[in-house]
Each structure stands twice: as structure tokens, then as C-alpha cells.
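Let me begin by presenting the structure, written as C-alpha cells, before commenting on it.
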Amino acid sequence: MELSVRQYSKIDPEHYSLFRATWAPHVDRGQGKMLDPDQLRRFYEENPAGPAVLAVATEGAQWQGAIAGIPTLLDDVDGTVTRAYQIGDFMVHPEAQGKGLGRKLLDALSRELKAMEDPVYTFPNRRSIGLFFRLGYTEVRRLDLLGYSTHLLRSLSGRRARHIETDRLSLSEACEFADTLGKASGSAQRRGRHKDGGFIDWRYARVRTATDYRFLGIRDRERDGGAILVWTPFKYRGVTVQVIVDSVSWSGETSLVGIAAADAVREGVAAGICNLDRGQRRPVGAVTVPKRLDPRPGRLLVPGEDPVSMSLAQQATFTTGDWMGF
């Protein structure tokens, strides 16, 4: 078996074969939707942040395993834009699992990213987190998974300040509003992902299907600011649940979760979930889901003894429902 580290340039059909073999069991259990070959290609080839770095294990022409450092552009508090890498798409073919291949892939990618000197972070799942720890990664903090009643938060959000306006946006409107928010984000106090119209279009139209998402515009008439909140309905054991996926450029104090819950009631959604960083405001009426019931706890890790990555993780605020929000 041959292991190599490469900068992504063009999709290999074997990449999708590995992707499908790895994730099909989870999709079959109702834990997500399968990307088609073109969506996976766009994920890698059209990322506005640039090309990914991949560690790939092959046997002949067949891909046996892969792990990616996915580039992310970050808006810093001083107005500059920097790049970081999120480790993700960790895949080992079912027939090759249990042979130490995952450790070799992660070790090779980690060494390559360290040499590039850009910040690195990851949200491992339960199966892989032990491997990250064994290779010296450090846990910075956890993002709690919250559950809430959309009907309860709807009534509470009705008391929000009159200067807050909300409306459902189309994809093109969300892209335009994201560009507007980006120009007015100079007062931001925290690091955050660079989310302009190009990012919104790539993330929710090219990589996924835009009609699966709801884009909620939030405007503050008294301040030069606002936000876009992205959520999706998800069927869990026959019940439709609101999953908050992402937020863009929020600087106000009103609970985004409460505003999103009010929007979800329009579609008959009775309950919702979201992951929130402990540094963010908790919505009244939301409860923390017990860790044993959290299918993928939001544990933020960075490479050990890496001050650049640690600084990023300590300064940034994360809100994520599908592990790409930041």
C-alpha cells in the first residue's frame, strides 16, 4: 500500500468511490445525505479558500483511505484575512479498517500542515477522537448541543426589540446580504470565518442543494449590522427537527436561536437543536443534550504545542450544525 500527501488539484473517480463506501452506512441509517460525484468535486475544486491538502493511501488504483486539510479563510479583528485548515473527510475503506491505516494518514497530514505553519483545528467524531489524542492533539473546549422547543422560543422571541427585523431570503438574496454584512464587519470583536456571497453560494448551492436550507435575514435598524442564520429541517424518527447550521456576521445581543425557532414554526417544526460555543449567549428555554445522546460532540482540538493554532481556537467563536460552520 502506498501513502502520499498531495495538494488537491482535480478529483479522482476513486475518491468518490471511497467516499461512498465510507459514508453509505451512515446515510442508510438516516444520519445524513449522500453527496453526488459532482457535489464532492465542487467541494474540493471550487472552495473559495483554495485547494485542500490530502493524505491518501492507495493500493493499485483503488483509494483505501484519505484525510483532508480543508482550507478556511478567516476575518481577523484587525481587518486582515488569514487562512487555516480544518481536518475533515477522514475516510478508511471498510475492508481496510482496524489495520492502523487511519493513524498513518493522520500523522502524515499533520506533519505536512505543521510545515505550512497555518492554523489547524478539527472536530473529531467519537470513533476518531482517540486517534487525535494519541497523536498529541489538545482539546481546547466543547460546543454544547442544545435542544429547544420552537414554540416556546417563538413566544420568547416575540419580545425582542422592535428594531430587529427578520425575513426569509432566497439564495441570491442571502449571497447579496452576506456581501453587505462583510463590508460592515469592521467592528467585529472576534475572529470568524470569512463568509461572503461566494462562500454562501459554494457552501449551500454547489456542495449541497440550496432548497434543503432556509436563509433567514436579520436586520438591526438601530445599528449598522445584522446576520444571516441558516437552518435545515431534518427528519429524526419521524419528527421534523430544526437544525441550525450556520450564522453569518452577527454582532447584536438578541438570541439568534430564538429568532430561528420563530421562523421554523412557519413550517410546523416543534423542536430544534444547535451547537453553541460556551462563550455565546444561551437562549432561555433551551436545555443541554446529555453527552451520551449527542451523536457527534463538538470537541474542538488543535495540534499540541502549536501556539498559532491554539491562539486561533481561543479567540474564535464557533456555531455549527454540520461541522463546517465557523
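In the C-alpha cells, each chain is lettered A, B, ... as it comes, each chain's residues begin at 1, and ligands are numbered from 1 in order of appearance.
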Contact table range 212-247 of chain A vs range 23-40 of chain A, cut-off 10 Å, shortest pair per residue, only C-alpha atoms, as a Markdown table:
```
| residue | atom | partner | partner_atom | distance |
| --- | --- | --- | --- | --- |
| A:Phe234 | CA | A:Gly32 | CA | 8.9 |
| A:Lys235 | CA | A:Gly30 | CA | 8.2 |
| A:Tyr236 | CA | A:Gly30 | CA | 7.8 |
| A:Arg237 | CA | A:Gly30 | CA | 9.0 |
```
Open item on the list: When you look at Gly268 in chain A with a cut-off of 10 Å (counting only C-alpha atoms), what residues show up, excluding the ones that are within fewer than 6 positions of it in the same chain? I need them as a list in words.
Closed with: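 So the residues in contact are Thr150, His151, Thr240, Val241 and Gln242 of chain A.
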Task: Counting only C-alpha atoms, the option among A:His194, A:Tyr85, A:Ala61, A:Ser4 closest to Lys104 in chain A - done: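 That would be A:Ser4, the residue with the smallest distance to Lys104 in chain A.
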Task: All residues 12 Å or closer to Pro307 in chain A, only C-alpha atoms, same chain fewer than 6 positions away omitted, as an MDAnalysis selection string - done: chainID A and resid 114 117:121 138 313:314
Could you take the residues named above and write them with C-alpha atoms, as an mmCIF file, in the first residue's frame?
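Listed below is the output, selection-v4.cif:
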```
data_model
loop_
_atom_site.group_PDB
_atom_site.id
_atom_site.type_symbol
_atom_site.label_atom_id
_atom_site.label_comp_id
_atom_site.auth_asym_id
_atom_site.auth_seq_id
_atom_site.Cartn_x
_atom_site.Cartn_y
_atom_site.Cartn_z
ATOM 1 C CA LYS A 114 2.648 21.788 10.563
ATOM 2 C CA GLU A 117 2.648 26.998 9.560
ATOM 3 C CA ASP A 118 -1.054 27.858 9.104
ATOM 4 C CA PRO A 119 -3.509 27.343 11.993
ATOM 5 C CA VAL A 120 -5.100 23.884 12.186
ATOM 6 C CA TYR A 121 -8.246 22.752 14.006
ATOM 7 C CA THR A 138 -5.110 19.029 22.511
ATOM 8 C CA ALA A 313 -9.055 28.293 18.804
ATOM 9 C CA GLN A 314 -9.035 30.510 21.879
#
```
TODO: Return the single residue from A:Phe177, A:Phe90, A:Phe132, A:Tyr213 that is closest to Asp107 in chain A, with distances computed using only C-alpha atoms.
DONE: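 Smallest separation from Asp107 in chain A among the options: A:Phe132.
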Considering only C-alpha atoms, return as a CSV table (one decimal) with all heavy atoms, in the first residue's frame whatever protein or nucleic-acid residues lie within 9 Å of Lys10 in chain A, sequence-local ones (same chain, fewer than 6 positions apart) excluded.
```csv
chain,number,residue,atom,x,y,z
A,41,ARG,N,-16.9,16.9,-6.1
A,41,ARG,CA,-15.9,17.6,-6.9
A,41,ARG,C,-15.9,19.1,-6.6
A,41,ARG,O,-14.9,19.7,-6.4
A,41,ARG,CB,-16.2,17.4,-8.4
A,41,ARG,CG,-15.3,18.1,-9.3
A,41,ARG,CD,-15.8,18.1,-10.8
A,41,ARG,NE,-17.1,18.8,-10.9
A,41,ARG,CZ,-17.1,20.1,-11.0
A,41,ARG,NH1,-16.0,20.9,-10.9
A,41,ARG,NH2,-18.3,20.7,-11.2
A,44,TYR,N,-14.2,20.3,-3.3
A,44,TYR,CA,-12.8,20.4,-3.4
A,44,TYR,C,-12.3,21.3,-4.4
A,44,TYR,O,-11.4,22.1,-4.2
A,44,TYR,CB,-12.2,19.0,-3.6
A,44,TYR,CG,-12.1,18.2,-2.4
A,44,TYR,CD1,-13.1,17.2,-2.1
A,44,TYR,CD2,-11.1,18.3,-1.4
A,44,TYR,CE1,-13.0,16.5,-0.9
A,44,TYR,CE2,-11.0,17.6,-0.3
A,44,TYR,CZ,-12.0,16.7,0.0
A,44,TYR,OH,-11.9,15.9,1.1
A,45,GLU,N,-12.9,21.3,-5.6
A,45,GLU,CA,-12.4,22.1,-6.7
A,45,GLU,C,-12.8,23.6,-6.7
A,45,GLU,O,-12.1,24.4,-7.3
A,45,GLU,CB,-12.8,21.5,-8.1
A,45,GLU,CG,-12.1,20.2,-8.3
A,45,GLU,CD,-12.4,19.6,-9.7
A,45,GLU,OE1,-13.0,20.4,-10.5
A,45,GLU,OE2,-12.1,18.5,-10.0
```
Task: Selection near Asn47 in chain A, 8 Å with only C-alpha atoms, sequence-local residues under 6 positions removed, as JSON, numbers by chain - done: {"A": [71, 199, 202]}
Open item on the list: Taking 2 positions as the minimum chain separation for residues in the same chain, which residues sit within 12 Å of Leu74 in chain A when counting only C-alpha atoms? Answer as a PyMOL selection string.
Closed with: chain A and resi 48-49+71-72+76-86+118-119+182+190-196+199+312-313+315-317+326
Task: DSSP-assigned strand (DSSP E or B) among range 144-292 of chain A, expressed as JSON, numbers by chain - done: {"A": [144, 145, 146, 147, 148, 149, 164, 165, 166, 167, 168, 169, 191, 192, 193, 214, 215, 216, 217, 218, 219, 220, 225, 226, 227, 228, 229, 230, 231, 232, 233, 234, 235, 236, 239, 240, 241, 242, 243, 244, 245, 246, 247, 248, 271, 272, 273, 274, 275, 276, 277, 287, 288]}
- [ ] Would you please give, as number ranges by chain, all residues of range 54-254 of chain A that DSSP assigns to helix (DSSP H, G or I) based on the backbone?
- [x] A: 94-96, 101-116, 129-134, 150-157, 171-183, 185-187, 197-206, 210-212
Save out the residues we just selected, C-alpha atoms, as a PDB file, in the first residue's frame.
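What landed in out.pdb:
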```pdb
ATOM      1  CA  PRO A  94     -14.498  -0.639   5.495  1.00  0.00           C
ATOM      2  CA  GLU A  95     -12.298  -3.515   4.290  1.00  0.00           C
ATOM      3  CA  ALA A  96      -9.121  -1.677   5.362  1.00  0.00           C
ATOM      4  CA  LEU A 101      -4.125   2.980   8.345  1.00  0.00           C
ATOM      5  CA  GLY A 102      -6.035   5.858   9.931  1.00  0.00           C
ATOM      6  CA  ARG A 103      -3.133   6.671  12.242  1.00  0.00           C
ATOM      7  CA  LYS A 104      -0.668   6.726   9.346  1.00  0.00           C
ATOM      8  CA  LEU A 105      -2.910   9.050   7.329  1.00  0.00           C
ATOM      9  CA  LEU A 106      -3.475  11.493  10.189  1.00  0.00           C
ATOM     10  CA  ASP A 107       0.214  11.508  11.104  1.00  0.00           C
ATOM     11  CA  ALA A 108       1.262  12.245   7.509  1.00  0.00           C
ATOM     12  CA  LEU A 109      -1.284  15.050   7.085  1.00  0.00           C
ATOM     13  CA  SER A 110      -0.443  16.584  10.476  1.00  0.00           C
ATOM     14  CA  ARG A 111       3.254  16.762   9.638  1.00  0.00           C
ATOM     15  CA  GLU A 112       2.525  18.402   6.280  1.00  0.00           C
ATOM     16  CA  LEU A 113       0.188  21.014   7.778  1.00  0.00           C
ATOM     17  CA  LYS A 114       2.648  21.788  10.563  1.00  0.00           C
ATOM     18  CA  ALA A 115       5.321  22.548   7.977  1.00  0.00           C
ATOM     19  CA  MET A 116       2.940  25.014   6.275  1.00  0.00           C
ATOM     20  CA  ILE A 129     -11.049  11.362  18.625  1.00  0.00           C
ATOM     21  CA  GLY A 130      -8.875   8.834  20.462  1.00  0.00           C
ATOM     22  CA  LEU A 131      -6.542   8.710  17.494  1.00  0.00           C
ATOM     23  CA  PHE A 132      -6.137  12.502  17.552  1.00  0.00           C
ATOM     24  CA  PHE A 133      -5.260  12.395  21.248  1.00  0.00           C
ATOM     25  CA  ARG A 134      -2.702   9.630  20.687  1.00  0.00           C
ATOM     26  CA  THR A 150     -39.557  26.114  18.722  1.00  0.00           C
ATOM     27  CA  HIS A 151     -43.000  27.068  20.071  1.00  0.00           C
ATOM     28  CA  LEU A 152     -41.545  28.199  23.405  1.00  0.00           C
ATOM     29  CA  LEU A 153     -38.726  30.172  21.827  1.00  0.00           C
ATOM     30  CA  ARG A 154     -41.181  31.667  19.358  1.00  0.00           C
ATOM     31  CA  SER A 155     -43.139  33.230  22.206  1.00  0.00           C
ATOM     32  CA  LEU A 156     -39.952  34.466  23.867  1.00  0.00           C
ATOM     33  CA  SER A 157     -38.509  35.886  20.648  1.00  0.00           C
ATOM     34  CA  LEU A 171     -30.112  32.019  -2.050  1.00  0.00           C
ATOM     35  CA  SER A 172     -29.240  35.002  -4.252  1.00  0.00           C
ATOM     36  CA  GLU A 173     -30.588  37.426  -1.634  1.00  0.00           C
ATOM     37  CA  ALA A 174     -28.553  35.663   1.061  1.00  0.00           C
ATOM     38  CA  CYS A 175     -25.393  35.985  -1.053  1.00  0.00           C
ATOM     39  CA  GLU A 176     -26.015  39.697  -1.618  1.00  0.00           C
ATOM     40  CA  PHE A 177     -26.749  40.314   2.073  1.00  0.00           C
ATOM     41  CA  ALA A 178     -23.610  38.396   3.104  1.00  0.00           C
ATOM     42  CA  ASP A 179     -21.511  40.730   0.956  1.00  0.00           C
ATOM     43  CA  THR A 180     -23.207  43.732   2.580  1.00  0.00           C
ATOM     44  CA  LEU A 181     -22.542  42.381   6.076  1.00  0.00           C
ATOM     45  CA  GLY A 182     -18.924  41.700   5.203  1.00  0.00           C
ATOM     46  CA  LYS A 183     -18.362  45.354   4.311  1.00  0.00           C
ATOM     47  CA  SER A 185     -17.980  43.951   9.829  1.00  0.00           C
ATOM     48  CA  GLY A 186     -15.138  46.228  10.850  1.00  0.00           C
ATOM     49  CA  SER A 187     -16.464  46.429  14.405  1.00  0.00           C
ATOM     50  CA  GLY A 197     -21.603  35.723  -1.082  1.00  0.00           C
ATOM     51  CA  GLY A 198     -19.134  33.427  -2.799  1.00  0.00           C
ATOM     52  CA  PHE A 199     -18.867  31.277   0.316  1.00  0.00           C
ATOM     53  CA  ILE A 200     -22.659  31.069   0.724  1.00  0.00           C
ATOM     54  CA  ASP A 201     -23.125  30.059  -2.910  1.00  0.00           C
ATOM     55  CA  TRP A 202     -20.361  27.431  -2.744  1.00  0.00           C
ATOM     56  CA  ARG A 203     -21.404  26.009   0.599  1.00  0.00           C
ATOM     57  CA  TYR A 204     -25.158  25.771   0.109  1.00  0.00           C
ATOM     58  CA  ALA A 205     -25.751  25.660  -3.661  1.00  0.00           C
ATOM     59  CA  ARG A 206     -22.757  23.951  -5.208  1.00  0.00           C
ATOM     60  CA  ALA A 210     -29.984  25.116  -1.698  1.00  0.00           C
ATOM     61  CA  THR A 211     -33.639  24.134  -1.362  1.00  0.00           C
ATOM     62  CA  ASP A 212     -32.715  21.966   1.644  1.00  0.00           C
TER      63      ASP A 212
END
```
Excluding same-chain residues fewer than 3 positions from range 219-229 of chain A, what lies within 9 Å of it counting only C-alpha atoms, as an mmCIF file with N, CA and C atoms, in the first residue's frame?
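Written output follows (selection38.cif):
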```
data_model
loop_
_atom_site.group_PDB
_atom_site.id
_atom_site.type_symbol
_atom_site.label_atom_id
_atom_site.label_comp_id
_atom_site.auth_asym_id
_atom_site.auth_seq_id
_atom_site.Cartn_x
_atom_site.Cartn_y
_atom_site.Cartn_z
ATOM 1 N N ARG A 162 -37.960 46.067 19.008
ATOM 2 C CA ARG A 162 -38.695 46.401 17.795
ATOM 3 C C ARG A 162 -37.781 46.761 16.629
ATOM 4 N N HIS A 163 -36.539 47.106 16.935
ATOM 5 C CA HIS A 163 -35.643 47.496 15.845
ATOM 6 C C HIS A 163 -35.042 46.286 15.124
ATOM 7 N N ILE A 164 -35.367 45.062 15.570
ATOM 8 C CA ILE A 164 -34.895 43.856 14.897
ATOM 9 C C ILE A 164 -35.939 43.399 13.881
ATOM 10 N N GLU A 165 -35.533 43.264 12.623
ATOM 11 C CA GLU A 165 -36.411 42.796 11.566
ATOM 12 C C GLU A 165 -35.881 41.476 11.010
ATOM 13 N N THR A 166 -36.789 40.578 10.634
ATOM 14 C CA THR A 166 -36.379 39.311 10.031
ATOM 15 C C THR A 166 -37.195 39.041 8.775
ATOM 16 N N ASP A 167 -36.570 38.361 7.824
ATOM 17 C CA ASP A 167 -37.306 37.917 6.648
ATOM 18 C C ASP A 167 -36.562 36.759 6.005
ATOM 19 N N LEU A 169 -34.900 34.708 3.128
ATOM 20 C CA LEU A 169 -34.158 35.124 1.942
ATOM 21 C C LEU A 169 -34.026 33.979 0.950
ATOM 22 N N ALA A 174 -29.470 35.959 -0.039
ATOM 23 C CA ALA A 174 -28.553 35.663 1.061
ATOM 24 C C ALA A 174 -27.112 35.989 0.664
ATOM 25 N N PHE A 177 -26.755 39.801 0.708
ATOM 26 C CA PHE A 177 -26.749 40.314 2.073
ATOM 27 C C PHE A 177 -25.442 39.973 2.779
ATOM 28 N N ALA A 178 -24.890 38.780 2.507
ATOM 29 C CA ALA A 178 -23.610 38.396 3.104
ATOM 30 C C ALA A 178 -22.500 39.353 2.684
ATOM 31 N N LEU A 181 -22.977 42.551 4.693
ATOM 32 C CA LEU A 181 -22.542 42.381 6.076
ATOM 33 C C LEU A 181 -21.024 42.361 6.180
ATOM 34 N N ALA A 184 -19.551 45.712 6.407
ATOM 35 C CA ALA A 184 -19.864 46.440 7.640
ATOM 36 C C ALA A 184 -19.344 45.738 8.875
ATOM 37 N N SER A 185 -18.420 44.772 8.699
ATOM 38 C CA SER A 185 -17.980 43.951 9.829
ATOM 39 C C SER A 185 -16.725 44.466 10.506
ATOM 40 N N ARG A 214 -32.844 26.938 4.797
ATOM 41 C CA ARG A 214 -33.636 28.150 4.976
ATOM 42 C C ARG A 214 -32.664 29.270 5.345
ATOM 43 N N PHE A 215 -32.731 30.373 4.627
ATOM 44 C CA PHE A 215 -31.839 31.504 4.875
ATOM 45 C C PHE A 215 -32.671 32.624 5.508
ATOM 46 N N LEU A 216 -32.351 32.957 6.727
ATOM 47 C CA LEU A 216 -33.118 33.952 7.473
ATOM 48 C C LEU A 216 -32.292 35.221 7.634
ATOM 49 N N ILE A 244 -29.899 24.143 13.298
ATOM 50 C CA ILE A 244 -29.231 25.399 12.934
ATOM 51 C C ILE A 244 -27.826 25.064 12.453
ATOM 52 N N VAL A 245 -27.552 25.427 11.227
ATOM 53 C CA VAL A 245 -26.323 25.027 10.560
ATOM 54 C C VAL A 245 -25.236 26.095 10.654
ATOM 55 N N ASP A 246 -25.622 27.355 10.532
ATOM 56 C CA ASP A 246 -24.596 28.382 10.377
ATOM 57 C C ASP A 246 -25.172 29.753 10.706
ATOM 58 N N SER A 247 -24.294 30.665 11.071
ATOM 59 C CA SER A 247 -24.671 32.070 11.221
ATOM 60 C C SER A 247 -23.583 32.927 10.586
ATOM 61 N N VAL A 248 -23.987 34.043 10.052
ATOM 62 C CA VAL A 248 -23.062 34.916 9.338
ATOM 63 C C VAL A 248 -23.091 36.311 9.948
ATOM 64 N N SER A 249 -21.953 36.778 10.455
ATOM 65 C CA SER A 249 -21.728 38.173 10.823
ATOM 66 C C SER A 249 -22.751 38.728 11.805
ATOM 67 N N TRP A 250 -22.880 38.083 12.958
ATOM 68 C CA TRP A 250 -23.797 38.593 13.977
ATOM 69 C C TRP A 250 -23.037 39.406 15.012
ATOM 70 N N SER A 251 -23.519 40.595 15.354
ATOM 71 C CA SER A 251 -22.849 41.416 16.364
ATOM 72 C C SER A 251 -23.822 41.929 17.409
ATOM 73 N N GLY A 252 -25.096 41.556 17.336
ATOM 74 C CA GLY A 252 -26.088 42.038 18.292
ATOM 75 C C GLY A 252 -26.202 41.142 19.507
ATOM 76 N N LEU A 256 -30.115 34.512 18.474
ATOM 77 C CA LEU A 256 -30.360 34.016 17.126
ATOM 78 C C LEU A 256 -31.208 32.751 17.148
ATOM 79 N N VAL A 257 -30.999 31.923 18.155
ATOM 80 C CA VAL A 257 -31.729 30.661 18.220
ATOM 81 C C VAL A 257 -33.224 30.922 18.374
ATOM 82 N N ILE A 259 -34.880 33.569 17.357
ATOM 83 C CA ILE A 259 -35.389 34.102 16.103
ATOM 84 C C ILE A 259 -35.561 32.979 15.085
ATOM 85 N N ALA A 260 -34.598 32.067 15.039
ATOM 86 C CA ALA A 260 -34.702 30.941 14.114
ATOM 87 C C ALA A 260 -35.880 30.044 14.472
#
```
TODO: Pick out the closest residue to Met310 in chain A from this set: A:His15, A:Arg141, A:Arg42, A:Arg6. Count only C-alpha atoms.
DONE: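 The answer is A:Arg141, which sits nearest to Met310 in chain A.
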